[in-house]
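Source file protein12.cif; content: mmCIF, C-alpha atoms.
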```cif
data_target
#
loop_
_atom_site.label_atom_id
_atom_site.label_comp_id
_atom_site.auth_asym_id
_atom_site.auth_seq_id
_atom_site.Cartn_x
_atom_site.Cartn_y
_atom_site.Cartn_z
CA MET A 1 0.00 0.00 0.00
CA SER A 2 1.34 3.41 -0.95
CA VAL A 3 -0.42 6.73 -1.23
CA GLU A 4 1.41 9.81 -2.49
CA VAL A 5 -0.20 13.24 -2.42
CA ALA A 6 1.46 16.62 -2.31
CA GLU A 7 0.97 17.36 1.39
CA VAL A 8 0.55 13.93 3.02
CA ARG A 9 2.55 10.78 2.36
CA ALA A 10 1.00 7.51 3.57
CA PHE A 11 2.57 4.11 2.98
CA LEU A 12 2.98 0.69 4.57
CA ASP A 13 6.47 -0.06 5.87
CA GLU A 14 6.25 -3.84 5.66
CA ASN A 15 8.31 -6.35 7.57
CA GLY A 16 7.24 -9.98 7.40
CA ASP A 17 3.50 -10.62 7.67
CA GLY A 18 2.54 -7.08 8.53
CA GLY A 19 3.91 -3.65 9.01
CA LEU A 20 3.77 -0.08 10.12
CA GLY A 21 1.43 2.42 8.54
CA ARG A 22 3.59 5.51 8.04
CA ILE A 23 1.99 8.95 7.73
CA VAL A 24 4.29 11.88 6.94
CA LEU A 25 2.99 15.45 6.96
CA ASN A 26 4.69 16.90 3.92
CA ARG A 27 4.68 20.72 3.92
CA PRO A 28 8.11 21.36 5.43
CA ARG A 29 8.39 24.93 4.12
CA ALA A 30 5.15 25.75 5.98
CA LEU A 31 6.17 23.76 9.07
CA ASN A 32 3.68 21.11 7.92
CA SER A 33 0.74 23.38 8.72
CA LEU A 34 -2.61 21.77 8.02
CA THR A 35 -4.90 22.40 5.08
CA HIS A 36 -8.42 21.01 4.75
CA GLY A 37 -7.15 18.65 2.07
CA MET A 38 -4.58 17.24 4.49
CA ILE A 39 -7.27 16.62 7.10
CA THR A 40 -9.38 14.79 4.51
CA ALA A 41 -6.42 12.67 3.36
CA LEU A 42 -5.48 11.77 6.93
CA ARG A 43 -9.03 10.70 7.73
CA ALA A 44 -9.31 8.55 4.60
CA THR A 45 -5.99 6.88 5.32
CA LEU A 46 -6.80 6.10 8.95
CA ASP A 47 -10.23 4.76 8.04
CA ASP A 48 -8.66 2.43 5.42
CA TRP A 49 -5.91 1.23 7.74
CA ALA A 50 -8.30 0.52 10.61
CA ALA A 51 -9.77 -2.29 8.48
CA ASP A 52 -6.50 -3.45 6.88
CA GLY A 53 -5.09 -6.54 8.59
CA ARG A 54 -1.61 -5.82 7.26
CA VAL A 55 -1.35 -2.65 9.33
CA ARG A 56 -0.31 -3.48 12.89
CA ALA A 57 0.27 0.11 14.02
CA VAL A 58 0.39 3.68 12.69
CA VAL A 59 3.14 6.25 13.21
CA LEU A 60 2.88 9.97 12.46
CA THR A 61 5.92 12.11 11.65
CA GLY A 62 6.60 15.42 9.92
CA ALA A 63 8.81 16.11 6.90
CA GLY A 64 11.87 18.26 7.48
CA GLU A 65 13.73 18.86 10.72
CA ARG A 66 11.82 21.87 12.07
CA GLY A 67 8.74 20.21 13.45
CA LEU A 68 5.85 17.82 13.27
CA CYS A 69 3.20 20.48 12.61
CA ALA A 70 2.82 24.16 13.50
CA GLY A 71 -0.99 23.92 13.46
CA ALA A 72 -3.60 24.98 10.94
CA ASP A 73 -2.77 27.13 7.94
CA ILE A 74 -3.85 30.31 9.70
CA ARG A 75 -3.15 32.58 6.75
CA ALA A 76 -5.77 30.66 4.78
CA MET A 77 -8.02 30.83 7.85
CA HIS A 78 -7.57 34.62 7.94
CA ASP A 79 -8.59 35.01 4.31
CA ASP A 80 -11.58 32.70 4.67
CA ALA A 81 -12.76 34.36 7.90
CA LYS A 82 -12.79 37.73 6.13
CA ALA A 83 -15.03 36.14 3.48
CA GLY A 84 -17.52 34.76 6.01
CA GLY A 85 -15.69 31.72 7.43
CA ALA A 86 -17.71 28.91 5.84
CA GLY A 87 -14.58 27.06 4.75
CA THR A 88 -12.98 27.35 8.17
CA ARG A 89 -16.11 26.06 9.93
CA ALA A 90 -15.99 23.01 7.65
CA PHE A 91 -12.27 22.65 8.42
CA PHE A 92 -12.94 22.75 12.18
CA ARG A 93 -15.71 20.17 11.85
CA ASP A 94 -13.53 17.68 9.97
CA GLU A 95 -10.43 18.39 12.06
CA TYR A 96 -12.17 17.82 15.39
CA ARG A 97 -13.77 14.62 14.12
CA LEU A 98 -10.29 13.45 13.11
CA ASN A 99 -8.99 14.26 16.61
CA ALA A 100 -11.75 12.09 18.09
CA LEU A 101 -10.91 9.24 15.70
CA ILE A 102 -7.24 9.36 16.71
CA ALA A 103 -8.17 9.14 20.40
CA ASP A 104 -10.31 6.04 19.77
CA TYR A 105 -8.17 4.47 17.05
CA PRO A 106 -8.38 0.66 17.17
CA LYS A 107 -4.67 0.12 16.50
CA PRO A 108 -1.61 1.55 18.25
CA TYR A 109 -1.15 5.14 17.05
CA VAL A 110 2.36 6.49 17.62
CA ALA A 111 3.02 10.22 17.25
CA VAL A 112 6.54 11.62 16.99
CA MET A 113 6.35 15.22 18.27
CA ASP A 114 9.84 16.13 17.10
CA GLY A 115 10.41 19.89 16.82
CA ILE A 116 7.55 22.40 16.71
CA THR A 117 4.20 20.80 17.57
CA MET A 118 1.51 23.39 18.12
CA GLY A 119 -2.25 23.81 17.83
CA GLY A 120 -3.54 21.42 15.20
CA GLY A 121 -0.28 19.49 15.45
CA VAL A 122 -1.13 18.75 19.08
CA GLY A 123 -4.55 17.55 17.96
CA LEU A 124 -2.95 15.01 15.61
CA SER A 125 -0.47 13.75 18.18
CA ALA A 126 -1.37 14.25 21.83
CA HIS A 127 -4.55 12.15 21.65
CA GLY A 128 -2.63 9.15 20.31
CA ALA A 129 -1.85 6.00 22.26
CA VAL A 130 1.94 6.53 22.27
CA ARG A 131 3.33 10.08 22.20
CA ILE A 132 7.03 10.83 21.80
CA VAL A 133 8.98 14.03 22.37
CA THR A 134 12.64 14.74 21.62
CA GLU A 135 15.16 17.35 22.74
CA ARG A 136 13.92 19.51 19.85
CA SER A 137 10.24 19.43 20.85
CA VAL A 138 8.44 22.74 21.34
CA VAL A 139 4.83 22.00 22.25
CA ALA A 140 2.17 24.67 22.68
CA MET A 141 -1.44 25.72 22.39
CA PRO A 142 -0.76 29.35 21.37
CA GLU A 143 -4.28 30.30 20.28
CA THR A 144 -4.90 33.26 22.61
CA ARG A 145 -2.05 35.04 20.84
CA ILE A 146 -4.14 35.17 17.65
CA GLY A 147 -7.57 35.76 19.20
CA LEU A 148 -8.62 32.12 19.26
CA VAL A 149 -9.11 29.65 22.16
CA PRO A 150 -7.25 26.31 22.62
CA ASP A 151 -9.02 23.73 20.46
CA VAL A 152 -8.41 20.29 18.84
CA GLY A 153 -9.01 18.78 22.27
CA GLY A 154 -6.21 20.91 23.70
CA SER A 155 -8.52 22.47 26.25
CA ARG A 156 -9.08 19.00 27.74
CA LEU A 157 -5.34 18.35 27.94
CA LEU A 158 -4.73 21.74 29.53
CA ALA A 159 -7.64 21.33 31.94
CA HIS A 160 -6.24 18.03 33.24
CA ALA A 161 -2.60 19.11 33.54
CA PRO A 162 -1.31 19.13 37.14
CA GLY A 163 -2.60 21.95 39.29
CA GLU A 164 -3.03 25.17 37.32
CA LEU A 165 -0.23 24.52 34.82
CA GLY A 166 -2.73 24.19 31.98
CA THR A 167 -4.39 27.47 32.88
CA HIS A 168 -1.00 29.18 32.81
CA LEU A 169 -0.16 27.67 29.41
CA GLY A 170 -3.56 28.45 27.93
CA LEU A 171 -3.75 32.08 29.03
CA THR A 172 -0.13 32.96 28.20
CA SER A 173 0.25 30.82 25.04
CA ALA A 174 3.60 29.71 26.48
CA SER A 175 5.53 26.77 25.01
CA MET A 176 6.64 23.53 26.63
CA GLY A 177 9.92 21.75 26.16
CA PRO A 178 10.03 17.94 26.31
CA GLY A 179 10.14 17.72 30.11
CA ASP A 180 7.15 20.03 30.51
CA ALA A 181 5.18 18.20 27.79
CA LEU A 182 5.63 14.99 29.77
CA LEU A 183 4.74 16.68 33.06
CA CYS A 184 1.58 18.23 31.63
CA GLY A 185 0.28 15.05 30.01
CA PHE A 186 0.91 15.95 26.37
CA ALA A 187 3.50 13.19 25.85
CA ASP A 188 4.55 9.80 27.23
CA HIS A 189 8.17 9.15 26.24
CA TYR A 190 11.39 11.02 25.53
CA VAL A 191 13.51 9.67 22.66
CA PRO A 192 16.55 11.64 21.43
CA SER A 193 16.11 12.69 17.80
CA ALA A 194 19.24 10.79 16.77
CA ARG A 195 17.51 7.55 17.79
CA LEU A 196 14.34 8.13 15.76
CA PRO A 197 15.48 6.31 12.57
CA GLU A 198 16.42 3.28 14.66
CA LEU A 199 13.07 3.46 16.47
CA LEU A 200 11.07 3.66 13.23
CA ASP A 201 12.91 0.63 11.85
CA ALA A 202 12.16 -1.30 15.04
CA LEU A 203 8.49 -0.31 14.97
CA ALA A 204 8.09 -1.71 11.44
CA GLY A 205 8.72 -5.21 12.75
CA SER A 206 7.24 -4.85 16.22
CA ALA A 207 4.22 -6.70 17.56
CA ASP A 208 4.17 -4.41 20.60
CA PRO A 209 4.79 -0.78 19.58
CA ALA A 210 4.41 0.59 23.12
CA ALA A 211 7.10 -1.76 24.44
CA THR A 212 9.36 -0.92 21.49
CA VAL A 213 9.10 2.80 22.19
CA THR A 214 9.73 2.22 25.90
CA ALA A 215 12.88 0.26 25.03
CA HIS A 216 14.22 3.22 23.02
CA ALA A 217 13.19 5.91 25.50
CA GLU A 218 15.61 7.75 27.80
CA PRO A 219 15.18 10.02 30.84
CA ALA A 220 13.81 13.38 29.77
CA PRO A 221 15.33 16.77 30.53
CA PRO A 222 13.94 18.43 33.69
CA ALA A 223 10.48 19.98 33.54
CA GLU A 224 10.99 23.72 34.00
CA LEU A 225 7.39 24.25 35.09
CA ALA A 226 7.79 21.90 38.03
CA ALA A 227 9.82 24.52 39.89
CA ARG A 228 7.13 27.16 39.25
CA ARG A 229 4.14 25.18 40.52
CA GLU A 230 3.87 27.13 43.79
CA TRP A 231 3.19 30.55 42.26
CA ILE A 232 1.37 29.17 39.22
CA ASP A 233 -1.09 27.18 41.33
CA ALA A 234 -1.64 30.07 43.74
CA CYS A 235 -2.14 32.75 41.09
CA TYR A 236 -4.14 30.89 38.47
CA ALA A 237 -6.61 29.42 40.97
CA ALA A 238 -8.42 32.78 40.99
CA ASP A 239 -11.94 32.96 39.58
CA THR A 240 -11.34 35.71 37.01
CA VAL A 241 -8.59 36.67 34.61
CA GLU A 242 -8.40 40.11 36.25
CA GLU A 243 -7.69 38.52 39.63
CA ILE A 244 -5.17 36.13 38.09
CA VAL A 245 -3.25 39.05 36.61
CA GLU A 246 -3.41 40.92 39.93
CA ARG A 247 -2.02 37.92 41.80
CA LEU A 248 0.75 37.47 39.25
CA LEU A 249 1.78 41.11 39.52
CA ASP A 250 1.62 41.09 43.33
CA SER A 251 3.51 37.82 43.80
CA GLY A 252 6.97 39.38 43.74
CA VAL A 253 8.16 36.62 41.39
CA PRO A 254 9.83 37.91 38.19
CA ASP A 255 8.53 34.97 36.12
CA ALA A 256 5.00 35.66 37.39
CA LYS A 257 5.26 39.31 36.37
CA GLU A 258 6.41 38.21 32.92
CA ALA A 259 3.43 35.83 32.71
CA ALA A 260 1.07 38.71 33.56
CA GLY A 261 2.52 40.67 30.65
CA LEU A 262 1.90 37.75 28.30
CA VAL A 263 -1.72 37.40 29.42
CA LEU A 264 -2.31 41.15 29.02
CA GLY A 265 -0.79 41.10 25.53
CA ASN A 266 -3.14 38.40 24.27
CA SER A 267 -6.73 38.90 23.14
CA PRO A 268 -8.75 39.95 26.21
CA THR A 269 -11.79 38.14 24.86
CA ALA A 270 -9.82 34.98 24.06
CA VAL A 271 -8.19 34.75 27.49
CA LYS A 272 -11.51 35.20 29.28
CA VAL A 273 -13.19 32.57 27.10
CA THR A 274 -10.18 30.29 27.58
CA LEU A 275 -10.47 30.45 31.36
CA ALA A 276 -14.19 29.63 31.17
CA ALA A 277 -13.56 26.82 28.66
CA LEU A 278 -10.81 25.21 30.75
CA ARG A 279 -12.90 25.31 33.92
CA ARG A 280 -15.82 23.70 32.06
CA ALA A 281 -13.55 21.14 30.40
CA ARG A 282 -12.56 19.82 33.82
CA THR A 283 -16.16 18.74 34.37
CA LEU A 284 -17.02 17.46 30.89
CA PRO A 285 -17.05 13.65 30.71
CA SER A 286 -15.07 12.98 27.53
CA LEU A 287 -12.84 14.33 24.79
CA LYS A 288 -15.84 14.26 22.44
CA ALA A 289 -17.81 16.52 24.79
CA VAL A 290 -14.87 18.92 24.94
CA LEU A 291 -14.55 18.94 21.14
CA ASP A 292 -18.25 19.81 20.92
CA GLN A 293 -17.60 22.78 23.20
CA GLU A 294 -14.52 23.82 21.24
CA TYR A 295 -16.47 23.78 17.98
CA ARG A 296 -18.97 26.26 19.40
CA ILE A 297 -16.17 28.49 20.63
CA SER A 298 -14.13 28.37 17.42
CA CYS A 299 -17.16 29.14 15.24
CA ALA A 300 -18.05 32.07 17.50
CA ALA A 301 -14.48 33.36 17.13
CA LEU A 302 -14.94 33.34 13.36
CA ASP A 303 -17.87 35.70 13.80
CA GLY A 304 -15.86 38.12 15.95
CA HIS A 305 -13.09 40.65 15.43
CA ASP A 306 -10.03 39.34 17.21
CA LEU A 307 -9.25 36.20 15.21
CA VAL A 308 -8.78 38.02 11.91
CA GLU A 309 -6.92 40.85 13.66
CA GLY A 310 -4.66 38.50 15.61
CA ILE A 311 -3.62 36.55 12.53
CA ARG A 312 -3.10 39.80 10.64
CA ALA A 313 -0.74 41.10 13.32
CA GLN A 314 1.21 37.86 13.79
CA VAL A 315 1.34 36.36 10.29
CA VAL A 316 0.05 38.66 7.54
CA ASP A 317 1.47 42.11 8.32
CA LYS A 318 3.74 40.81 11.11
CA ASP A 319 3.64 44.10 13.00
CA ARG A 320 3.01 42.20 16.28
CA ASN A 321 0.63 45.00 17.27
CA PRO A 322 -2.91 43.61 17.31
CA GLN A 323 -5.72 46.06 17.94
CA TRP A 324 -8.03 43.92 20.04
CA SER A 325 -11.72 44.73 20.41
CA PRO A 326 -12.64 45.00 23.22
CA ARG A 327 -9.21 46.35 24.11
CA THR A 328 -9.15 45.53 27.84
CA LEU A 329 -10.20 42.71 30.14
CA ALA A 330 -12.62 45.01 31.94
CA GLU A 331 -14.52 45.63 28.71
CA VAL A 332 -15.15 41.91 28.08
CA THR A 333 -18.48 41.12 29.72
CA GLU A 334 -19.92 37.85 31.01
CA ALA A 335 -22.39 38.02 28.13
CA ASP A 336 -19.49 38.22 25.67
CA VAL A 337 -18.02 35.03 27.13
CA ALA A 338 -21.39 33.27 27.23
CA ARG A 339 -21.86 33.90 23.51
CA PHE A 340 -18.85 31.72 22.72
CA LEU A 341 -20.18 28.83 24.81
CA ALA A 342 -23.78 28.96 23.62
CA PRO A 343 -25.25 26.06 21.60
CA ARG A 344 -25.39 26.66 17.86
CA GLY A 345 -28.73 25.02 17.05
CA ASP A 346 -28.46 23.00 13.84
CA ASP A 347 -24.74 23.79 13.54
CA GLU A 348 -23.43 21.56 16.32
CA LEU A 349 -20.50 19.16 16.02
CA GLY A 350 -22.51 16.48 17.85
CA LEU A 351 -19.72 14.08 18.80
CA ALA A 352 -20.74 13.40 22.39
#
```

Is it possible to give me this structure as structure tokens?
Amino acid sequence: MSVEVAEVRAFLDENGDGGLGRIVLNRPRALNSLTHGMITALRATLDDWAADGRVRAVVLTGAGERGLCAGADIRAMHDDAKAGGAGTRAFFRDEYRLNALIADYPKPYVAVMDGITMGGGVGLSAHGAVRIVTERSVVAMPETRIGLVPDVGGSRLLAHAPGELGTHLGLTSASMGPGDALLCGFADHYVPSARLPELLDALAGSADPAATVTAHAEPAPPAELAARREWIDACYAADTVEEIVERLLDSGVPDAKEAAGLVLGNSPTAVKVTLAALRRARTLPSLKAVLDQEYRISCAALDGHDLVEGIRAQVVDKDRNPQWSPRTLAEVTEADVARFLAPRGDDELGLA
């Protein structure tokens, strides 16, 4: 079996009576950012392989050495949102359904989160059965920086990270190295990048992919966030973003003051909705229920101002000076937040 398309390569790496289904995201110049066509190709491949007895396990990697996937193609999202957002709503629907499939995949699904793995890249990897980071891994849900809210099931991962680490990561859009990704539940194993070719060869002939990965894994670098748990847990336990920022500024900890600056620089609407979404995600019973919530939020963001403006400032014009509306946390009302969480009638994802 071999499938070759421009942006996704899928083939069976056979060894004996079976083999490893290899999926390679193939847009290295764009850090393997996801198009709708890639989502469709990935879904078709995984559906075929689920019923193919020759495929013992699936492994996901990214072309090039810079990363697995930087997320969705947000420049295309920007252009579509300006035109009404119908294409992006369809993208979200298919992407989130793919995330749910990966979480419930009937065969071992191994994701190699080597290099930059953000946003949609997390959705393709961190819900898999076996998740690998390397010394080059940079893992993040950076949506509040562009006026969006953590999605692709990322709000569930953040909500269930130890203490308030996920709240800190979600509101600041901060990145995790390999140790922090393991600590926060985004990954399972650390494998140095130099050992990946050897690991992939071993997986092709393995009847137990999880054991094979464990045999190649090594102790991870220290988790930097572990040493910051005291002030993170104390500050981010507050009920509102305003109080969180106040606690961060009053803590006397330089890193906390820096975190407050990051929160204040992100979309005020997005950070308030993120806090509400993470708190709700802690109580929702499943990934599918969280994806349903994220679909409502993401579609509401398409109807607002900050998503287009955030992408413009970060990616299109690159002036890094977004003009958020509302401009301050105080101007974002409870009704504004509730609008993002409200059911959408006939336009629901309906996974749960």

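Evaluated against the shown file, the PyMOL selection byres ((chain A and resi 147) around 7) gives A:Glu143, A:Thr144, A:Arg145, A:Ile146, A:Leu148, A:Val149, A:Ser267, A:Ala270, A:Asp306, A:Leu307, A:Gly310.
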
I would like the residues chosen by the PyMOL selection byres ((chain A and resi 213) around 12) on the shown file; could you give them as a PDB file with C-alpha atoms, in the frame of the given file?
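Contents of selection.pdb, as written:
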```
ATOM      1  CA  VAL A  59       3.140   6.250  13.210  1.00  0.00           C
ATOM      2  CA  PRO A 108      -1.610   1.550  18.250  1.00  0.00           C
ATOM      3  CA  TYR A 109      -1.150   5.140  17.050  1.00  0.00           C
ATOM      4  CA  VAL A 110       2.360   6.490  17.620  1.00  0.00           C
ATOM      5  CA  ALA A 111       3.020  10.220  17.250  1.00  0.00           C
ATOM      6  CA  VAL A 112       6.540  11.620  16.990  1.00  0.00           C
ATOM      7  CA  ALA A 129      -1.850   6.000  22.260  1.00  0.00           C
ATOM      8  CA  VAL A 130       1.940   6.530  22.270  1.00  0.00           C
ATOM      9  CA  ARG A 131       3.330  10.080  22.200  1.00  0.00           C
ATOM     10  CA  ILE A 132       7.030  10.830  21.800  1.00  0.00           C
ATOM     11  CA  VAL A 133       8.980  14.030  22.370  1.00  0.00           C
ATOM     12  CA  ASP A 188       4.550   9.800  27.230  1.00  0.00           C
ATOM     13  CA  HIS A 189       8.170   9.150  26.240  1.00  0.00           C
ATOM     14  CA  TYR A 190      11.390  11.020  25.530  1.00  0.00           C
ATOM     15  CA  VAL A 191      13.510   9.670  22.660  1.00  0.00           C
ATOM     16  CA  PRO A 192      16.550  11.640  21.430  1.00  0.00           C
ATOM     17  CA  ARG A 195      17.510   7.550  17.790  1.00  0.00           C
ATOM     18  CA  LEU A 196      14.340   8.130  15.760  1.00  0.00           C
ATOM     19  CA  GLU A 198      16.420   3.280  14.660  1.00  0.00           C
ATOM     20  CA  LEU A 199      13.070   3.460  16.470  1.00  0.00           C
ATOM     21  CA  LEU A 200      11.070   3.660  13.230  1.00  0.00           C
ATOM     22  CA  ASP A 201      12.910   0.630  11.850  1.00  0.00           C
ATOM     23  CA  ALA A 202      12.160  -1.300  15.040  1.00  0.00           C
ATOM     24  CA  LEU A 203       8.490  -0.310  14.970  1.00  0.00           C
ATOM     25  CA  ALA A 204       8.090  -1.710  11.440  1.00  0.00           C
ATOM     26  CA  SER A 206       7.240  -4.850  16.220  1.00  0.00           C
ATOM     27  CA  ALA A 207       4.220  -6.700  17.560  1.00  0.00           C
ATOM     28  CA  ASP A 208       4.170  -4.410  20.600  1.00  0.00           C
ATOM     29  CA  PRO A 209       4.790  -0.780  19.580  1.00  0.00           C
ATOM     30  CA  ALA A 210       4.410   0.590  23.120  1.00  0.00           C
ATOM     31  CA  ALA A 211       7.100  -1.760  24.440  1.00  0.00           C
ATOM     32  CA  THR A 212       9.360  -0.920  21.490  1.00  0.00           C
ATOM     33  CA  THR A 214       9.730   2.220  25.900  1.00  0.00           C
ATOM     34  CA  ALA A 215      12.880   0.260  25.030  1.00  0.00           C
ATOM     35  CA  HIS A 216      14.220   3.220  23.020  1.00  0.00           C
ATOM     36  CA  ALA A 217      13.190   5.910  25.500  1.00  0.00           C
ATOM     37  CA  GLU A 218      15.610   7.750  27.800  1.00  0.00           C
TER      38      GLU A 218
END
```

Quiz item: Written as a PyMOL selection string, what is the full residue list that the PyMOL selection byres ((chain A and resi 55) around 12) yields on the file shown?
Solution: chain A and resi 1+10-22+45-54+56-59+106-109+203-207

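Taking atom CA of Gly304 of chain A and atom CA of Val271 of chain A as the two end points, the separation is 14.3 Å.
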
Exercise. Would you work out the distance separating atom CA of Val245 of chain A from atom CA of Glu258 of chain A, expressed in Å to one decimal?
Key: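 Computing it gives 10.4 Å between the two atoms.
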
Quiz item: Which distance in Å separates atom CA of Pro162 of chain A and atom CA of Lys272 of chain A, to one decimal?
Solution: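 Result for atom CA of Pro162 of chain A versus atom CA of Lys272 of chain A: 20.6 Å, one decimal.
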